[in-house]
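Working notes, beginning with the structure itself.
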Amino acid sequence: MSDEIKRIGVFTSGGDAPGMNAAIRAVVRTAAYSHIDVYGIRRGYQGMIDNDFVELKSRSVANIIQLGGTVLKTARCDDFRTPEGRALAAKNLKTQQIDALVCIGGNGSYTGAMKLYEEHRIPTIGLPGTIDNDLYGTDFTIGYDTAINTACDAIDKIRDTAGSHNRVFLVEVMGRDAGFIALAVGISGGAEAIFIPEQKGEMSQLMDHFKDTSRRTKSFSIVVVAEGDRQGGALAIQDRLETEFDDIDVRTTILGHIQRGGSPTARDRVLASQLGYEAVEALRKGEVSKAVGIVGGEVILTDFEVAIGKSKQVNPDLIRMAEILAN
Ligand code: F6P
């Protein structure tokens, strides 16, 4: 048990994700329970450099569990990528007497925290906060469940208009270089095809599907496309379909940042609360440079180096199942 920690800093970094506020609340209240002071750092690493700190008490985080976005704001900070930027951040943290950090973010945020420890011995525990679900060391990231529910809801609405016009709709979802969002949204939205970066061959399958007019028994189609898919996104696929077939009416919807907003689902709130609690407990036990996650129902800690270096795989059984169910 580390007796050293009297004050911790908490910050959100990278793209915001629904549930980050629930995580902040859990960190503040768990720390308060153990008589540890908490300072919020606004705009992630940028706030560390700019000296943008705010003291957070238990009551400061009342009424935020249900809010989307992040009350601490977030940023992608180029200055922190430089040794000089990190030195300035470390100096500011030491002036504020902050002994340890909780970082809520993705891979890039973990990398910054790892370097801060290597260079300035400021310990950090990371919480996986990103809608993309692309972090190794946890089955689910904070924000993913809300994002897929938002996208699924949008597809249900698109389905109504697709059906009225007998159109094919390509729906592009976020996920950066990974297909976790697209796969879940495709399955839950009953898509006819799902394009993800981890999988090859969907384009020829889709072409075959429309060439075989006997298979066009369904009067309309929903196709979900991950933004990172190797075809170049939904608009590129629309071009290919329109060039090849003049008898199908195609439309594209790019869902974009709508997937990042909104009130977190109950599942995301529970996950964020649990991980926030565990992060403070890990710091109290003297853990450093590790990400907290839940794998198979168990809370685990993964070294930042491993969490950053390894990539989480999409489940191949789900890909196969989605293909079968789309028939
Ligand atoms: O990592 C979350 C994410 O929403 C990705 O899915 C997307 O590629 C990216 O962030 C968008 O980033 P920005 O909000 O900076 O445009």
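If you're wondering about the labels, chains in the structure tokens are A, B, ... by order shown, residues count from 1 in each chain, ligands from 1 in order shown.
Taking only C-alpha atoms and all ligand atoms into account, the residues that come within 8 Å of ligand 1 are Gly14, Gly15, Asp16, Ala17, Arg76, Gly106, Thr130, Ile131, Asp132, Val173, Met174, Gly175, Arg176, Asp177, Glu227, Gly228, Gly256, His257, Gln259 and Arg260 of chain A.
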(request) Skip A:Glu119 itself and residues of its chain fewer than 3 positions away, then list as number ranges by chain all residues within 9 Å of it, counting only C-alpha atoms. (result) A: 83, 86-87, 114-116, 122
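The set of residues in stretch 77-129 of chain A assigned to alpha helix (DSSP H) by DSSP, using only backbone atoms of this structure, is Pro83, Glu84, Gly85, Arg86, Ala87, Leu88, Ala89, Ala90, Lys91, Asn92, Leu93, Lys94, Thr95, Asn107, Gly108, Ser109, Tyr110, Thr111, Gly112, Ala113, Met114, Lys115, Leu116, Tyr117, Glu118, Glu119 and His120 of chain A.
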Can you list every residue of stretch 68-140 of chain A that has an atom at most 8 Å from stretch 264-282 of chain A, with its nearest atom pair and the distance in Å to one decimal, using only C-alpha atoms, ordered by chain then number, as CSV?
```
residue,atom,partner,partner_atom,distance
A:Gly68,CA,A:Pro264,CA,6.0
A:Val102,CA,A:Ala279,CA,6.9
A:Ile125,CA,A:Ala279,CA,5.9
A:Gly126,CA,A:Ala279,CA,7.2
A:Leu127,CA,A:Leu275,CA,6.5
```
(message) Give me, as a ChimeraX atom specification, all polymer residues having an atom no more than 8 Å from A:Gly44, counting only C-alpha atoms and skipping those fewer than 3 positions away in the same chain.
(response) /A:11-14,41,47-48,72-77
Can I get the selection written as a PDB file, in the first residue's frame, with C-alpha atoms?
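Produced file part.pdb, reproduced below:
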```pdb
ATOM      1  CA  PHE A  11      -7.867  14.265 -16.739  1.00  0.00           C
ATOM      2  CA  THR A  12      -9.579  13.201 -19.951  1.00  0.00           C
ATOM      3  CA  SER A  13      -7.557  13.088 -23.134  1.00  0.00           C
ATOM      4  CA  GLY A  14      -8.028  12.414 -26.853  1.00  0.00           C
ATOM      5  CA  ILE A  41      -6.830  18.981 -15.119  1.00  0.00           C
ATOM      6  CA  GLY A  47      -4.088  21.828 -19.244  1.00  0.00           C
ATOM      7  CA  MET A  48      -1.040  20.288 -17.553  1.00  0.00           C
ATOM      8  CA  LEU A  72     -12.977  18.515 -17.728  1.00  0.00           C
ATOM      9  CA  LYS A  73     -12.879  19.045 -21.500  1.00  0.00           C
ATOM     10  CA  THR A  74     -10.321  17.265 -23.629  1.00  0.00           C
ATOM     11  CA  ALA A  75      -7.700  17.935 -26.278  1.00  0.00           C
ATOM     12  CA  ARG A  76      -5.173  16.278 -28.527  1.00  0.00           C
ATOM     13  CA  CYS A  77      -1.958  18.031 -27.418  1.00  0.00           C
TER      14      CYS A  77
END
```
(request) Pull the strand (DSSP E or B) assignments for stretch 11-92 of chain A out of DSSP run on the backbone, and list those residues as a ChimeraX atom specification. (result) /A:11-12,37-41,53-56
Those selected residues, please, written with all heavy atoms and delivered as a JSON list (two decimals), in the first residue's frame.
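Now in part_35.json:
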```json
[["chain", "number", "residue", "atom", "x", "y", "z"],
["A", 11, "PHE", "N", -7.63, 13.52, -15.49],
["A", 11, "PHE", "CA", -7.87, 14.26, -16.74],
["A", 11, "PHE", "C", -8.40, 13.34, -17.81],
["A", 11, "PHE", "O", -8.24, 12.11, -17.76],
["A", 11, "PHE", "CB", -6.58, 14.95, -17.22],
["A", 11, "PHE", "CG", -5.45, 14.02, -17.56],
["A", 11, "PHE", "CD1", -5.16, 13.71, -18.88],
["A", 11, "PHE", "CD2", -4.65, 13.47, -16.56],
["A", 11, "PHE", "CE1", -4.09, 12.86, -19.20],
["A", 11, "PHE", "CE2", -3.60, 12.62, -16.88],
["A", 11, "PHE", "CZ", -3.32, 12.32, -18.20],
["A", 12, "THR", "N", -9.09, 13.95, -18.79],
["A", 12, "THR", "CA", -9.58, 13.20, -19.95],
["A", 12, "THR", "C", -8.77, 13.69, -21.15],
["A", 12, "THR", "O", -8.43, 14.86, -21.25],
["A", 12, "THR", "CB", -11.09, 13.44, -20.16],
["A", 12, "THR", "OG1", -11.36, 14.85, -20.09],
["A", 12, "THR", "CG2", -11.90, 12.75, -19.09],
["A", 37, "ASP", "N", -6.75, 14.05, -1.87],
["A", 37, "ASP", "CA", -7.27, 15.22, -2.61],
["A", 37, "ASP", "C", -7.25, 14.93, -4.11],
["A", 37, "ASP", "O", -6.38, 14.21, -4.58],
["A", 37, "ASP", "CB", -6.37, 16.45, -2.43],
["A", 37, "ASP", "CG", -6.37, 16.94, -1.00],
["A", 37, "ASP", "OD1", -7.31, 16.58, -0.26],
["A", 37, "ASP", "OD2", -5.43, 17.67, -0.65],
["A", 38, "VAL", "N", -8.18, 15.56, -4.82],
["A", 38, "VAL", "CA", -8.19, 15.39, -6.28],
["A", 38, "VAL", "C", -8.21, 16.75, -6.96],
["A", 38, "VAL", "O", -8.99, 17.63, -6.60],
["A", 38, "VAL", "CB", -9.42, 14.57, -6.75],
["A", 38, "VAL", "CG1", -9.34, 14.34, -8.27],
["A", 38, "VAL", "CG2", -9.50, 13.23, -6.05],
["A", 39, "TYR", "N", -7.34, 16.89, -7.96],
["A", 39, "TYR", "CA", -7.40, 18.05, -8.84],
["A", 39, "TYR", "C", -7.78, 17.58, -10.23],
["A", 39, "TYR", "O", -7.21, 16.61, -10.74],
["A", 39, "TYR", "CB", -6.04, 18.79, -8.86],
["A", 39, "TYR", "CG", -5.94, 19.76, -7.72],
["A", 39, "TYR", "CD1", -5.91, 19.31, -6.40],
["A", 39, "TYR", "CD2", -5.91, 21.13, -7.96],
["A", 39, "TYR", "CE1", -5.86, 20.20, -5.34],
["A", 39, "TYR", "CE2", -5.85, 22.04, -6.90],
["A", 39, "TYR", "CZ", -5.84, 21.56, -5.60],
["A", 39, "TYR", "OH", -5.79, 22.44, -4.54],
["A", 40, "GLY", "N", -8.75, 18.25, -10.82],
["A", 40, "GLY", "CA", -9.08, 17.99, -12.22],
["A", 40, "GLY", "C", -8.13, 18.82, -13.09],
["A", 40, "GLY", "O", -7.78, 19.95, -12.73],
["A", 41, "ILE", "N", -7.71, 18.25, -14.20],
["A", 41, "ILE", "CA", -6.83, 18.98, -15.12],
["A", 41, "ILE", "C", -7.64, 19.19, -16.40],
["A", 41, "ILE", "O", -8.10, 18.22, -17.02],
["A", 41, "ILE", "CB", -5.54, 18.17, -15.41],
["A", 41, "ILE", "CG1", -4.85, 17.82, -14.08],
["A", 41, "ILE", "CG2", -4.61, 18.95, -16.34],
["A", 41, "ILE", "CD1", -3.82, 16.72, -14.18],
["A", 53, "PHE", "N", -5.71, 23.83, -13.57],
["A", 53, "PHE", "CA", -6.13, 22.85, -12.56],
["A", 53, "PHE", "C", -7.35, 23.35, -11.79],
["A", 53, "PHE", "O", -7.49, 24.56, -11.59],
["A", 53, "PHE", "CB", -5.00, 22.60, -11.55],
["A", 53, "PHE", "CG", -3.75, 22.04, -12.17],
["A", 53, "PHE", "CD1", -2.74, 22.89, -12.62],
["A", 53, "PHE", "CD2", -3.56, 20.68, -12.31],
["A", 53, "PHE", "CE1", -1.57, 22.38, -13.19],
["A", 53, "PHE", "CE2", -2.39, 20.16, -12.87],
["A", 53, "PHE", "CZ", -1.41, 21.01, -13.31],
["A", 54, "VAL", "N", -8.18, 22.42, -11.36],
["A", 54, "VAL", "CA", -9.33, 22.81, -10.54],
["A", 54, "VAL", "C", -9.53, 21.75, -9.45],
["A", 54, "VAL", "O", -9.49, 20.54, -9.74],
["A", 54, "VAL", "CB", -10.61, 22.95, -11.41],
["A", 54, "VAL", "CG1", -10.93, 21.69, -12.20],
["A", 54, "VAL", "CG2", -11.82, 23.32, -10.57],
["A", 55, "GLU", "N", -9.67, 22.21, -8.23],
["A", 55, "GLU", "CA", -9.86, 21.24, -7.14],
["A", 55, "GLU", "C", -11.25, 20.61, -7.25],
["A", 55, "GLU", "O", -12.24, 21.31, -7.50],
["A", 55, "GLU", "CB", -9.68, 21.92, -5.78],
["A", 55, "GLU", "CG", -9.69, 20.88, -4.68],
["A", 55, "GLU", "CD", -9.36, 21.43, -3.30],
["A", 55, "GLU", "OE1", -9.23, 22.66, -3.15],
["A", 55, "GLU", "OE2", -9.24, 20.60, -2.38],
["A", 56, "LEU", "N", -11.31, 19.30, -7.10],
["A", 56, "LEU", "CA", -12.60, 18.60, -7.19],
["A", 56, "LEU", "C", -12.89, 17.92, -5.85],
["A", 56, "LEU", "O", -12.10, 17.11, -5.37],
["A", 56, "LEU", "CB", -12.56, 17.54, -8.30],
["A", 56, "LEU", "CG", -12.37, 18.04, -9.73],
["A", 56, "LEU", "CD1", -12.25, 16.85, -10.69],
["A", 56, "LEU", "CD2", -13.51, 18.95, -10.17]]
```
(request) May I ask for the distance between atom CA of A:Leu88 and atom CA of A:Arg29, given in Å to one decimal place? (result)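 Atom CA of A:Leu88 sits 28.5 Å away from atom CA of A:Arg29.
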(request) Provide the atom CA of A:Asp134 to atom CA of A:Gly309 distance in Å, to one decimal place. (result) 11.9 Å
(message) Here is a test: counting only C-alpha atoms, which residue of A:Gly129, A:Gly190, A:Gly261, A:Gly112 is nearest to A:Ile24?
(response)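 Looking only at the distances to A:Ile24, the closest residue turns out to be A:Gly129.
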